[in-house]
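Novice: Contents of protein35.cif (mmCIF, C-alpha atoms) are below:
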```cif
data_start
#
loop_
_atom_site.group_PDB
_atom_site.id
_atom_site.type_symbol
_atom_site.label_atom_id
_atom_site.label_comp_id
_atom_site.auth_asym_id
_atom_site.auth_seq_id
_atom_site.Cartn_x
_atom_site.Cartn_y
_atom_site.Cartn_z
ATOM 1 C CA MET M 114 -11.004 4.281 4.781
ATOM 2 C CA THR M 115 -10.479 5.476 1.214
ATOM 3 C CA ARG M 116 -8.002 2.695 0.520
ATOM 4 C CA TYR M 117 -10.373 0.028 1.869
ATOM 5 C CA ALA M 118 -13.196 1.497 -0.190
ATOM 6 C CA LEU M 119 -11.045 1.287 -3.312
ATOM 7 C CA ARG M 120 -10.310 -2.363 -2.594
ATOM 8 C CA LEU M 121 -13.992 -3.157 -2.204
ATOM 9 C CA VAL M 122 -14.792 -1.298 -5.412
ATOM 10 C CA SER M 123 -12.095 -3.259 -7.253
ATOM 11 C CA LEU M 124 -13.453 -6.584 -6.000
ATOM 12 C CA ALA M 125 -17.047 -5.625 -6.751
ATOM 13 C CA GLY M 126 -16.075 -4.469 -10.234
ATOM 14 C CA ALA M 127 -14.353 -7.769 -11.000
ATOM 15 C CA LEU M 128 -17.366 -9.762 -9.804
ATOM 16 C CA GLY M 129 -19.723 -7.534 -11.778
ATOM 17 C CA LEU M 130 -17.679 -7.995 -14.961
ATOM 18 C CA TRP M 131 -17.663 -11.763 -14.385
ATOM 19 C CA GLN M 132 -21.432 -11.807 -13.949
ATOM 20 C CA LEU M 133 -21.959 -9.664 -17.036
ATOM 21 C CA LEU M 134 -19.748 -11.722 -19.346
ATOM 22 C CA THR M 135 -21.097 -15.091 -18.198
ATOM 23 C CA GLY M 136 -24.721 -13.952 -18.000
ATOM 24 C CA LEU M 137 -24.646 -12.667 -21.594
ATOM 25 C CA ASP M 138 -22.752 -15.760 -22.862
ATOM 26 C CA VAL M 139 -20.039 -13.631 -24.401
ATOM 27 C CA ASP M 140 -17.715 -15.587 -26.719
ATOM 28 C CA LEU M 141 -14.955 -13.316 -27.993
ATOM 29 C CA TRP M 142 -12.099 -15.813 -28.378
ATOM 30 C CA LEU M 143 -12.483 -16.501 -24.639
ATOM 31 C CA ARG M 144 -15.561 -18.684 -24.109
ATOM 32 C CA PHE M 145 -17.293 -17.111 -21.154
ATOM 33 C CA SER M 146 -20.447 -19.045 -22.045
ATOM 34 C CA GLN M 147 -18.782 -22.150 -20.570
ATOM 35 C CA PHE M 148 -18.220 -20.429 -17.218
ATOM 36 C CA PRO M 149 -20.718 -20.534 -14.349
ATOM 37 C CA THR M 150 -22.117 -17.189 -13.285
ATOM 38 C CA VAL M 151 -21.375 -15.524 -9.979
ATOM 39 C CA THR M 152 -24.859 -16.390 -8.746
ATOM 40 C CA ASP M 153 -24.319 -20.067 -9.609
ATOM 41 C CA VAL M 154 -21.042 -20.135 -7.688
ATOM 42 C CA ALA M 155 -22.616 -18.297 -4.739
ATOM 43 C CA GLY M 156 -25.477 -20.806 -4.638
ATOM 44 C CA ALA M 157 -23.066 -23.749 -4.749
ATOM 45 C CA PHE M 158 -20.944 -22.140 -2.040
ATOM 46 C CA ALA M 159 -23.955 -21.666 0.218
ATOM 47 C CA GLY M 160 -24.903 -25.291 -0.305
ATOM 48 C CA ARG M 161 -21.405 -26.463 0.604
ATOM 49 C CA LEU M 162 -21.356 -24.387 3.787
ATOM 50 C CA SER M 163 -24.464 -26.143 5.030
ATOM 51 C CA GLY M 164 -22.948 -29.616 4.568
ATOM 52 C CA PRO M 165 -20.323 -31.428 6.687
ATOM 53 C CA ASP M 166 -17.996 -32.376 3.816
ATOM 54 C CA TYR M 167 -16.836 -28.813 3.194
ATOM 55 C CA TRP M 168 -15.643 -28.316 6.758
ATOM 56 C CA THR M 169 -13.986 -31.744 6.813
ATOM 57 C CA ASP M 170 -12.081 -30.901 3.640
ATOM 58 C CA LEU M 171 -11.122 -27.511 5.057
ATOM 59 C CA THR M 172 -9.831 -29.024 8.295
ATOM 60 C CA ASP M 173 -7.813 -31.707 6.512
ATOM 61 C CA SER M 174 -6.150 -29.246 4.131
ATOM 62 C CA LEU M 175 -5.288 -26.809 6.930
ATOM 63 C CA THR M 176 -3.869 -29.621 9.077
ATOM 64 C CA ARG M 177 -1.663 -30.824 6.222
ATOM 65 C CA ILE M 178 -0.441 -27.372 5.259
ATOM 66 C CA LEU M 179 0.315 -26.273 8.826
ATOM 67 C CA THR M 180 2.111 -29.499 9.732
ATOM 68 C CA GLY M 181 4.309 -29.497 6.651
ATOM 69 C CA PHE M 182 4.952 -25.767 6.756
ATOM 70 C CA LEU M 183 5.935 -25.681 10.428
ATOM 71 C CA LEU M 184 8.342 -28.581 9.925
ATOM 72 C CA ALA M 185 9.818 -26.809 6.906
ATOM 73 C CA ALA M 186 10.147 -23.548 8.830
ATOM 74 C CA VAL M 187 12.078 -25.130 11.706
ATOM 75 C CA LEU M 188 14.301 -27.437 9.647
ATOM 76 C CA GLY M 189 14.771 -24.918 6.827
ATOM 77 C CA VAL M 190 16.024 -22.189 9.169
ATOM 78 C CA ALA M 191 18.282 -24.643 11.016
ATOM 79 C CA ALA M 192 19.745 -26.045 7.784
ATOM 80 C CA GLY M 193 20.191 -22.571 6.283
ATOM 81 C CA VAL M 194 22.092 -21.297 9.314
ATOM 82 C CA LEU M 195 24.203 -24.456 9.458
ATOM 83 C CA VAL M 196 25.168 -24.348 5.780
ATOM 84 C CA ALA M 197 25.922 -20.619 5.945
ATOM 85 C CA ARG M 198 28.045 -20.818 9.103
ATOM 86 C CA SER M 199 29.889 -24.140 8.669
ATOM 87 C CA ARG M 200 32.156 -25.011 5.760
ATOM 88 C CA LEU M 201 31.959 -28.688 6.656
ATOM 89 C CA ALA M 202 28.157 -28.639 6.523
ATOM 90 C CA GLU M 203 28.270 -26.747 3.239
ATOM 91 C CA ASP M 204 30.592 -29.346 1.729
ATOM 92 C CA LEU M 205 28.548 -32.294 3.002
ATOM 93 C CA LEU M 206 24.982 -31.017 2.556
ATOM 94 C CA GLY M 207 25.355 -28.318 -0.101
ATOM 95 C CA PRO M 208 25.754 -30.560 -3.190
ATOM 96 C CA LEU M 209 22.918 -32.865 -2.122
ATOM 97 C CA LEU M 210 20.543 -29.980 -1.446
ATOM 98 C CA GLU M 211 21.383 -28.241 -4.703
ATOM 99 C CA VAL M 212 20.693 -31.427 -6.661
ATOM 100 C CA VAL M 213 17.321 -32.036 -5.000
ATOM 101 C CA ARG M 214 16.207 -28.384 -4.933
ATOM 102 C CA PRO M 215 15.366 -28.005 -8.667
ATOM 103 C CA ILE M 216 13.052 -31.040 -8.560
ATOM 104 C CA PRO M 217 9.420 -29.831 -8.290
ATOM 105 C CA ALA M 218 7.797 -30.997 -5.083
ATOM 106 C CA ILE M 219 4.777 -32.303 -6.974
ATOM 107 C CA ALA M 220 7.116 -34.589 -8.956
ATOM 108 C CA LEU M 221 7.914 -36.349 -5.675
ATOM 109 C CA VAL M 222 4.360 -37.704 -5.352
ATOM 110 C CA PRO M 223 5.348 -41.179 -6.642
ATOM 111 C CA VAL M 224 8.270 -41.198 -4.195
ATOM 112 C CA ALA M 225 5.934 -40.251 -1.350
ATOM 113 C CA ILE M 226 3.464 -42.989 -2.319
ATOM 114 C CA LEU M 227 6.228 -45.613 -2.289
ATOM 115 C CA LEU M 228 8.041 -44.284 0.763
ATOM 116 C CA PHE M 229 5.279 -43.554 3.286
ATOM 117 C CA PRO M 230 2.716 -46.086 4.530
ATOM 118 C CA SER M 231 -0.246 -43.674 4.271
ATOM 119 C CA ASN M 232 -1.378 -40.984 1.859
ATOM 120 C CA GLU M 233 -1.667 -38.502 4.722
ATOM 121 C CA GLN M 234 2.020 -38.725 5.552
ATOM 122 C CA GLY M 235 2.924 -38.498 1.873
ATOM 123 C CA ILE M 236 0.934 -35.289 1.397
ATOM 124 C CA VAL M 237 2.576 -33.726 4.465
ATOM 125 C CA PHE M 238 5.953 -34.713 3.011
ATOM 126 C CA ILE M 239 5.119 -32.986 -0.289
ATOM 127 C CA THR M 240 4.026 -29.868 1.593
ATOM 128 C CA PHE M 241 7.184 -29.924 3.687
ATOM 129 C CA THR M 242 9.434 -30.278 0.633
ATOM 130 C CA ALA M 243 7.696 -27.403 -1.158
ATOM 131 C CA ALA M 244 8.323 -24.952 1.702
ATOM 132 C CA PHE M 245 11.683 -26.271 2.862
ATOM 133 C CA PHE M 246 13.892 -25.060 0.025
ATOM 134 C CA PRO M 247 12.618 -21.454 -0.177
ATOM 135 C CA VAL M 248 13.174 -21.116 3.574
ATOM 136 C CA LEU M 249 16.594 -22.748 3.341
ATOM 137 C CA VAL M 250 17.847 -20.566 0.495
ATOM 138 C CA SER M 251 16.516 -17.319 1.992
ATOM 139 C CA THR M 252 18.024 -18.089 5.391
ATOM 140 C CA ARG M 253 21.374 -19.006 3.895
ATOM 141 C CA HIS M 254 21.617 -15.786 1.895
ATOM 142 C CA ALA M 255 20.416 -13.678 4.841
ATOM 143 C CA VAL M 256 23.033 -15.135 7.190
ATOM 144 C CA ARG M 257 25.833 -14.684 4.687
ATOM 145 C CA ALA M 258 24.813 -11.076 4.092
ATOM 146 C CA LEU M 259 25.255 -10.095 7.753
ATOM 147 C CA THR M 260 27.956 -7.543 8.414
ATOM 148 C CA PRO M 261 30.929 -9.046 10.320
ATOM 149 C CA VAL M 262 31.188 -5.956 12.531
ATOM 150 C CA TRP M 263 28.302 -7.172 14.702
ATOM 151 C CA GLU M 264 29.908 -10.540 15.285
ATOM 152 C CA GLU M 265 33.250 -8.964 16.074
ATOM 153 C CA ALA M 266 31.581 -6.676 18.609
ATOM 154 C CA VAL M 267 30.047 -9.643 20.437
ATOM 155 C CA ARG M 268 33.385 -11.468 20.433
ATOM 156 C CA THR M 269 35.096 -8.376 21.805
ATOM 157 C CA MET M 270 32.684 -8.358 24.738
ATOM 158 C CA GLY M 271 33.420 -12.023 25.471
ATOM 159 C CA GLY M 272 30.477 -13.664 23.700
ATOM 160 C CA GLY M 273 30.793 -17.213 22.386
ATOM 161 C CA ARG M 274 29.245 -19.028 19.429
ATOM 162 C CA TRP M 275 25.824 -19.470 21.005
ATOM 163 C CA ARG M 276 25.744 -15.841 22.075
ATOM 164 C CA ILE M 277 26.580 -14.763 18.518
ATOM 165 C CA LEU M 278 23.889 -17.059 17.163
ATOM 166 C CA ALA M 279 21.213 -15.723 19.512
ATOM 167 C CA SER M 280 22.198 -12.043 19.444
ATOM 168 C CA VAL M 281 23.490 -11.501 15.914
ATOM 169 C CA VAL M 282 22.766 -14.293 13.438
ATOM 170 C CA LEU M 283 19.118 -15.085 14.108
ATOM 171 C CA PRO M 284 17.882 -11.508 14.704
ATOM 172 C CA GLY M 285 19.863 -10.161 11.773
ATOM 173 C CA ALA M 286 18.600 -12.860 9.407
ATOM 174 C CA LEU M 287 14.931 -12.534 10.401
ATOM 175 C CA PRO M 288 13.915 -10.288 7.457
ATOM 176 C CA GLY M 289 15.343 -12.776 4.981
ATOM 177 C CA VAL M 290 13.870 -15.717 6.860
ATOM 178 C CA PHE M 291 10.366 -14.288 6.704
ATOM 179 C CA GLY M 292 10.845 -13.551 3.027
ATOM 180 C CA GLY M 293 11.446 -17.254 2.514
ATOM 181 C CA LEU M 294 8.504 -18.152 4.732
ATOM 182 C CA SER M 295 6.178 -15.946 2.676
ATOM 183 C CA VAL M 296 7.286 -17.663 -0.525
ATOM 184 C CA GLY M 297 7.174 -21.090 1.105
ATOM 185 C CA ILE M 298 3.588 -20.832 2.322
ATOM 186 C CA GLY M 299 2.392 -19.960 -1.174
ATOM 187 C CA VAL M 300 4.292 -22.818 -2.810
ATOM 188 C CA SER M 301 3.025 -25.168 -0.097
ATOM 189 C CA TRP M 302 -0.600 -24.414 -0.990
ATOM 190 C CA ILE M 303 0.080 -25.100 -4.651
ATOM 191 C CA CYS M 304 1.689 -28.443 -3.913
ATOM 192 C CA VAL M 305 -0.723 -29.626 -1.227
ATOM 193 C CA ILE M 306 -3.699 -29.005 -3.509
ATOM 194 C CA SER M 307 -1.968 -30.850 -6.340
ATOM 195 C CA ALA M 308 -1.069 -33.738 -4.035
ATOM 196 C CA GLU M 309 -4.647 -33.959 -2.793
ATOM 197 C CA MET M 310 -5.868 -34.100 -6.378
ATOM 198 C CA ILE M 311 -3.527 -37.008 -7.128
ATOM 199 C CA SER M 312 -3.511 -39.147 -3.998
ATOM 200 C CA GLY M 313 -5.764 -37.548 -1.401
ATOM 201 C CA GLN M 314 -8.999 -38.875 0.038
ATOM 202 C CA TYR M 315 -10.222 -35.650 1.624
ATOM 203 C CA GLY M 316 -9.255 -32.028 1.298
ATOM 204 C CA VAL M 317 -10.059 -28.985 -0.805
ATOM 205 C CA GLY M 318 -7.922 -30.187 -3.707
ATOM 206 C CA TYR M 319 -9.492 -33.641 -3.703
ATOM 207 C CA ARG M 320 -13.032 -32.194 -3.649
ATOM 208 C CA THR M 321 -12.224 -29.732 -6.438
ATOM 209 C CA TRP M 322 -10.944 -32.530 -8.662
ATOM 210 C CA GLN M 323 -13.979 -34.678 -7.904
ATOM 211 C CA ASP M 324 -16.265 -31.796 -8.916
ATOM 212 C CA TYR M 325 -14.373 -31.483 -12.181
ATOM 213 C CA THR M 326 -14.734 -35.188 -12.979
ATOM 214 C CA VAL M 327 -18.520 -35.021 -12.527
ATOM 215 C CA VAL M 328 -18.717 -31.746 -14.529
ATOM 216 C CA ASP M 329 -19.821 -29.671 -11.528
ATOM 217 C CA TYR M 330 -18.188 -26.409 -12.581
ATOM 218 C CA PRO M 331 -19.757 -24.239 -9.864
ATOM 219 C CA GLY M 332 -18.265 -26.670 -7.342
ATOM 220 C CA VAL M 333 -14.893 -26.321 -9.035
ATOM 221 C CA PHE M 334 -15.043 -22.544 -8.609
ATOM 222 C CA VAL M 335 -16.059 -22.985 -4.976
ATOM 223 C CA GLY M 336 -12.858 -24.951 -4.460
ATOM 224 C CA MET M 337 -10.798 -22.331 -6.294
ATOM 225 C CA VAL M 338 -12.226 -19.501 -4.207
ATOM 226 C CA THR M 339 -11.620 -21.481 -1.014
ATOM 227 C CA ILE M 340 -8.005 -22.135 -1.967
ATOM 228 C CA GLY M 341 -7.458 -18.454 -2.770
ATOM 229 C CA VAL M 342 -8.938 -17.244 0.507
ATOM 230 C CA LEU M 343 -6.980 -19.780 2.567
ATOM 231 C CA GLY M 344 -3.737 -18.887 0.807
ATOM 232 C CA TRP M 345 -4.356 -15.177 1.345
ATOM 233 C CA LEU M 346 -5.119 -15.639 5.058
ATOM 234 C CA THR M 347 -2.058 -17.777 5.765
ATOM 235 C CA SER M 348 0.259 -15.485 3.781
ATOM 236 C CA THR M 349 -1.119 -12.458 5.640
ATOM 237 C CA ALA M 350 -0.576 -14.222 8.970
ATOM 238 C CA VAL M 351 3.065 -14.919 8.093
ATOM 239 C CA GLU M 352 3.603 -11.322 6.993
ATOM 240 C CA LEU M 353 2.023 -9.873 10.140
ATOM 241 C CA LEU M 354 4.118 -12.168 12.329
ATOM 242 C CA GLY M 355 7.232 -11.091 10.484
ATOM 243 C CA ARG M 356 6.407 -7.422 10.934
ATOM 244 C CA ARG M 357 5.821 -7.939 14.643
ATOM 245 C CA LEU M 358 9.103 -9.784 15.178
ATOM 246 C CA THR M 359 11.092 -7.234 13.163
ATOM 247 C CA ARG M 360 9.640 -4.056 14.646
ATOM 248 C CA TRP M 361 13.175 -2.808 15.250
ATOM 249 C CA LEU M 362 13.753 -2.463 11.504
ATOM 250 C CA PRO M 363 13.361 1.006 9.947
ATOM 251 C CA ARG M 364 10.408 1.101 7.541
ATOM 252 C CA THR M 365 10.783 4.312 5.606
ATOM 253 C CA SER M 366 10.167 3.058 2.061
ATOM 254 C CA TYR M 367 6.409 2.551 2.386
ATOM 255 C CA LEU M 368 3.915 2.881 5.185
ATOM 256 C CA PRO M 369 0.225 2.190 4.394
ATOM 257 C CA GLY M 370 -1.845 5.335 4.706
ATOM 258 C CA VAL M 371 1.124 7.615 5.416
ATOM 259 C CA ARG M 372 2.329 10.142 2.895
ATOM 260 C CA PRO M 373 5.905 11.391 2.960
ATOM 261 C CA ARG M 374 6.313 14.890 4.310
ATOM 262 C CA PRO M 375 7.728 17.477 1.935
ATOM 263 C CA ALA M 376 11.250 18.577 2.693
ATOM 264 C CA ARG M 377 11.559 21.903 4.436
ATOM 265 C CA ALA M 378 13.193 24.641 2.458
ATOM 266 C CA GLN M 379 16.437 25.742 4.085
ATOM 267 C CA ALA M 380 17.242 29.401 4.465
ATOM 268 C CA PRO M 381 20.037 30.545 2.151
ATOM 269 C CA ALA M 382 23.417 31.027 3.733
ATOM 270 C CA PRO M 383 24.335 34.626 4.544
ATOM 271 C CA PRO M 384 26.742 36.226 2.090
ATOM 272 C CA VAL M 385 30.395 36.084 2.988
ATOM 273 C CA PRO M 386 32.061 39.504 3.238
ATOM 274 C CA ALA M 387 34.865 40.195 0.827
ATOM 275 C CA GLY M 388 38.290 39.343 2.106
ATOM 276 C CA VAL M 389 37.075 36.706 4.637
ATOM 277 C CA ARG M 390 38.400 33.193 4.051
ATOM 278 C CA THR M 391 36.111 30.225 4.708
ATOM 279 C CA ARG M 392 36.982 26.642 5.506
ATOM 280 C CA PRO M 393 35.574 23.652 3.653
ATOM 281 C CA ALA M 394 32.567 21.899 5.225
ATOM 282 C CA SER M 395 34.625 18.752 5.771
ATOM 283 C CA GLU M 396 37.035 20.593 8.062
ATOM 284 C CA GLU M 397 34.191 22.081 10.099
ATOM 285 C CA THR M 398 32.572 18.645 10.457
ATOM 286 C CA ARG M 399 35.864 17.179 11.593
ATOM 287 C CA ASP M 400 36.395 19.912 14.191
ATOM 288 C CA GLU M 401 32.866 19.416 15.561
ATOM 289 C CA HIS M 402 33.488 15.686 15.807
ATOM 290 C CA LEU M 403 36.701 16.268 17.747
ATOM 291 C CA VAL M 404 34.919 18.606 20.155
#
```
Please rewrite the model in this file as structure tokens.

Specialist:
Amino acid sequence: MTRYALRLVSLAGALGLWQLLTGLDVDLWLRFSQFPTVTDVAGAFAGRLSGPDYWTDLTDSLTRILTGFLLAAVLGVAAGVLVARSRLAEDLLGPLLEVVRPIPAIALVPVAILLFPSNEQGIVFITFTAAFFPVLVSTRHAVRALTPVWEEAVRTMGGGRWRILASVVLPGALPGVFGGLSVGIGVSWICVISAEMISGQYGVGYRTWQDYTVVDYPGVFVGMVTIGVLGWLTSTAVELLGRRLTRWLPRTSYLPGVRPRPARAQAPAPPVPAGVRTRPASEETRDEHLV
């Protein structure tokens, strides 16, 4: 409860500072007098909630982000495993992927406009491209980092390629895969909003840009807050899903709300009488292991 209270205090303090600086028209290099106040943004937000356009924009943006992200998750994991496990696939697909990967997804908007018959499909393509490469790279590195002992154990017990894939490769690479998914969902939101601003007809990004063109700054901040909340919710959902699917992993580095227990002081060893020879600890450990 203390941690949640601290979070609420932090958020309330930030909003209070925003209201104070904008309400007093403070201009100390940063021009807070040009910003809308918190009350202005809250009033604009309440007005948007009562209208149908806000919910239409919300639905369209969520549909685009989920469609592109799910496609990227499936194809990115499959391509990452294939490139990591097959030399032929690495030679055929690796150079092409490495050439396309540095290109920002938002720079592919003209390609999407020319390639796809509708803006909707082009925006989904941009979202897919933004999430695909983080998932691909994380999966590839996670698969290559697996210890070969696990695979050899499955082969010793008569398991084939599909058994190794299902029992070793995919479960062992899950932590890395979800790391890529967490990065991918954030990049997808950035690119889908940018694509909506450029070529969209509905969506949170399109509405935010329209508010900017008509100098409706409270509406712009409503869009920014909406984007932030949606990004936080989707990222949290991915993280919670990853934690649930990797419950078998040890989590000793950090547990929310749990403090590490202090180490117990060990009793000093009894003194060794004079003339008695002792063996090194390594020999005693070896003897116990043999027993």

Novice: Hey, what's within 9 Å of Glu352 (chain M) if we count all atoms listed in the file and toss same-chain stuff fewer than 6 positions away? As a list in words, please?

Specialist: Phe291, Gly292, Leu294 and Ser295 of chain M

Novice: For the PyMOL selection byres ((chain M and resi 273-281) around 10), applied here, can you spell out every residue it catches as a list in words?

Specialist: Val194, Arg198, Val256, Leu259, Thr260, Pro261, Trp263, Glu264, Glu265, Ala266, Val267, Arg268, Thr269, Met270, Gly271, Gly272, Val282, Leu283, Pro284, Gly285 and Ala286 of chain M

Novice: Write a file of the just-selected residues containing C-alpha atoms, as a CSV table (one decimal), in the coordinates of the input.

Specialist:
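See out32.csv below for the written result:
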```csv
chain,number,residue,atom,x,y,z
M,194,VAL,CA,22.1,-21.3,9.3
M,198,ARG,CA,28.0,-20.8,9.1
M,256,VAL,CA,23.0,-15.1,7.2
M,259,LEU,CA,25.3,-10.1,7.8
M,260,THR,CA,28.0,-7.5,8.4
M,261,PRO,CA,30.9,-9.0,10.3
M,263,TRP,CA,28.3,-7.2,14.7
M,264,GLU,CA,29.9,-10.5,15.3
M,265,GLU,CA,33.2,-9.0,16.1
M,266,ALA,CA,31.6,-6.7,18.6
M,267,VAL,CA,30.0,-9.6,20.4
M,268,ARG,CA,33.4,-11.5,20.4
M,269,THR,CA,35.1,-8.4,21.8
M,270,MET,CA,32.7,-8.4,24.7
M,271,GLY,CA,33.4,-12.0,25.5
M,272,GLY,CA,30.5,-13.7,23.7
M,282,VAL,CA,22.8,-14.3,13.4
M,283,LEU,CA,19.1,-15.1,14.1
M,284,PRO,CA,17.9,-11.5,14.7
M,285,GLY,CA,19.9,-10.2,11.8
M,286,ALA,CA,18.6,-12.9,9.4
```

Novice: Work out how far apart CA of His254 (chain M) and CA of Val187 (chain M) are and give it in Å to one decimal.

Specialist: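 Taking CA of His254 (chain M) and CA of Val187 (chain M), their separation equals 16.6 Å.
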
Novice: Output the residue selection produced by the PyMOL selection byres ((chain M and resi 338) around 12) on the file above, formatted as a list of chain:residue names.

Specialist: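 On the file shown, the PyMOL selection byres ((chain M and resi 338) around 12) covers M:Val151, M:Val154, M:Ala155, M:Ala157, M:Phe158, M:Val317, M:Gly318, M:Thr321, M:Pro331, M:Gly332, M:Val333, M:Phe334, M:Val335, M:Gly336, M:Met337, M:Thr339, M:Ile340, M:Gly341, M:Val342, M:Leu343, M:Gly344, M:Trp345.
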
Novice: Selected residues, C-alpha atoms, written as a PDB file, keeping the file's coordinate frame, please.

Specialist:
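Output saved as again.pdb:
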```pdb
ATOM      1  CA  VAL M 151     -21.375 -15.524  -9.979  1.00  0.00           C
ATOM      2  CA  VAL M 154     -21.042 -20.135  -7.688  1.00  0.00           C
ATOM      3  CA  ALA M 155     -22.616 -18.297  -4.739  1.00  0.00           C
ATOM      4  CA  ALA M 157     -23.066 -23.749  -4.749  1.00  0.00           C
ATOM      5  CA  PHE M 158     -20.944 -22.140  -2.040  1.00  0.00           C
ATOM      6  CA  VAL M 317     -10.059 -28.985  -0.805  1.00  0.00           C
ATOM      7  CA  GLY M 318      -7.922 -30.187  -3.707  1.00  0.00           C
ATOM      8  CA  THR M 321     -12.224 -29.732  -6.438  1.00  0.00           C
ATOM      9  CA  PRO M 331     -19.757 -24.239  -9.864  1.00  0.00           C
ATOM     10  CA  GLY M 332     -18.265 -26.670  -7.342  1.00  0.00           C
ATOM     11  CA  VAL M 333     -14.893 -26.321  -9.035  1.00  0.00           C
ATOM     12  CA  PHE M 334     -15.043 -22.544  -8.609  1.00  0.00           C
ATOM     13  CA  VAL M 335     -16.059 -22.985  -4.976  1.00  0.00           C
ATOM     14  CA  GLY M 336     -12.858 -24.951  -4.460  1.00  0.00           C
ATOM     15  CA  MET M 337     -10.798 -22.331  -6.294  1.00  0.00           C
ATOM     16  CA  THR M 339     -11.620 -21.481  -1.014  1.00  0.00           C
ATOM     17  CA  ILE M 340      -8.005 -22.135  -1.967  1.00  0.00           C
ATOM     18  CA  GLY M 341      -7.458 -18.454  -2.770  1.00  0.00           C
ATOM     19  CA  VAL M 342      -8.938 -17.244   0.507  1.00  0.00           C
ATOM     20  CA  LEU M 343      -6.980 -19.780   2.567  1.00  0.00           C
ATOM     21  CA  GLY M 344      -3.737 -18.887   0.807  1.00  0.00           C
ATOM     22  CA  TRP M 345      -4.356 -15.177   1.345  1.00  0.00           C
TER      23      TRP M 345
END
```

Novice: For the atom pair CA of Trp322 (chain M) and CA of Val305 (chain M), what is the interatomic distance in Å to one decimal place?

Specialist: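 For CA of Trp322 (chain M) relative to CA of Val305 (chain M), the distance reads 13.0 Å.
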
Novice: As an exercise, work out the distance from CA of Gly235 (chain M) to CA of Gln323 (chain M) in Å and give it to one decimal place.

Specialist: 19.9 Å

Novice: Using only C-alpha atoms, pick whichever of M:Phe238, M:Leu183, M:Asp329, M:Val139 has the shortest atom-to-atom distance to Ile226 (chain M).

Specialist: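 Ranking M:Phe238, M:Leu183, M:Asp329, M:Val139 by distance to Ile226 (chain M), first place goes to M:Phe238.
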
Novice: With the file shown as input, list the residues that the PyMOL selection byres ((chain M and resi 242) around 9) selects, as a PyMOL selection string.

Specialist: chain M and resi 181-182+185+214+217-218+221+237-241+243-246+301

Novice: Which residues are close to Val290 (chain M), i.e. within 8 Å by only C-alpha atoms, leaving aside same-chain residues fewer than 5 positions away? Reply as an MDAnalysis selection string.

Specialist: chainID M and resid 190 248 251:252 255

Novice: Deliver the residues from the most recent selection as a file, using C-alpha atoms, as an mmCIF file, keeping the file's coordinate frame.

Specialist:
```
data_model
loop_
_atom_site.group_PDB
_atom_site.id
_atom_site.type_symbol
_atom_site.label_atom_id
_atom_site.label_comp_id
_atom_site.auth_asym_id
_atom_site.auth_seq_id
_atom_site.Cartn_x
_atom_site.Cartn_y
_atom_site.Cartn_z
ATOM 1 C CA VAL M 190 16.024 -22.189 9.169
ATOM 2 C CA VAL M 248 13.174 -21.116 3.574
ATOM 3 C CA SER M 251 16.516 -17.319 1.992
ATOM 4 C CA THR M 252 18.024 -18.089 5.391
ATOM 5 C CA ALA M 255 20.416 -13.678 4.841
#
```

Novice: Of the candidates M:Leu143, M:Ala125, M:Leu210, M:Ile178, which one gets nearest to Trp302 (chain M) if we count all atoms listed in the file?

Specialist: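 Result for the nearest residue to Trp302 (chain M): M:Ile178.
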
Novice: Smallest atom-to-atom distance to Ala197 (chain M): which of M:Ala258, M:Ile303, M:Leu354, M:Leu228, using all atoms listed in the file?

Specialist: M:Ala258

Novice: Might I get the box with edges along x, y and z of the file that holds all atoms of region 131-141 of chain M listed there, padded by 4 Å on every side, given as centre and edge lengths in Å to one decimal, as lines of an AutoDock Vina configuration file?

Specialist:
```
center_x = -19.8
center_y = -12.7
center_z = -21.0
size_x = 17.8
size_y = 14.1
size_z = 22.0
```
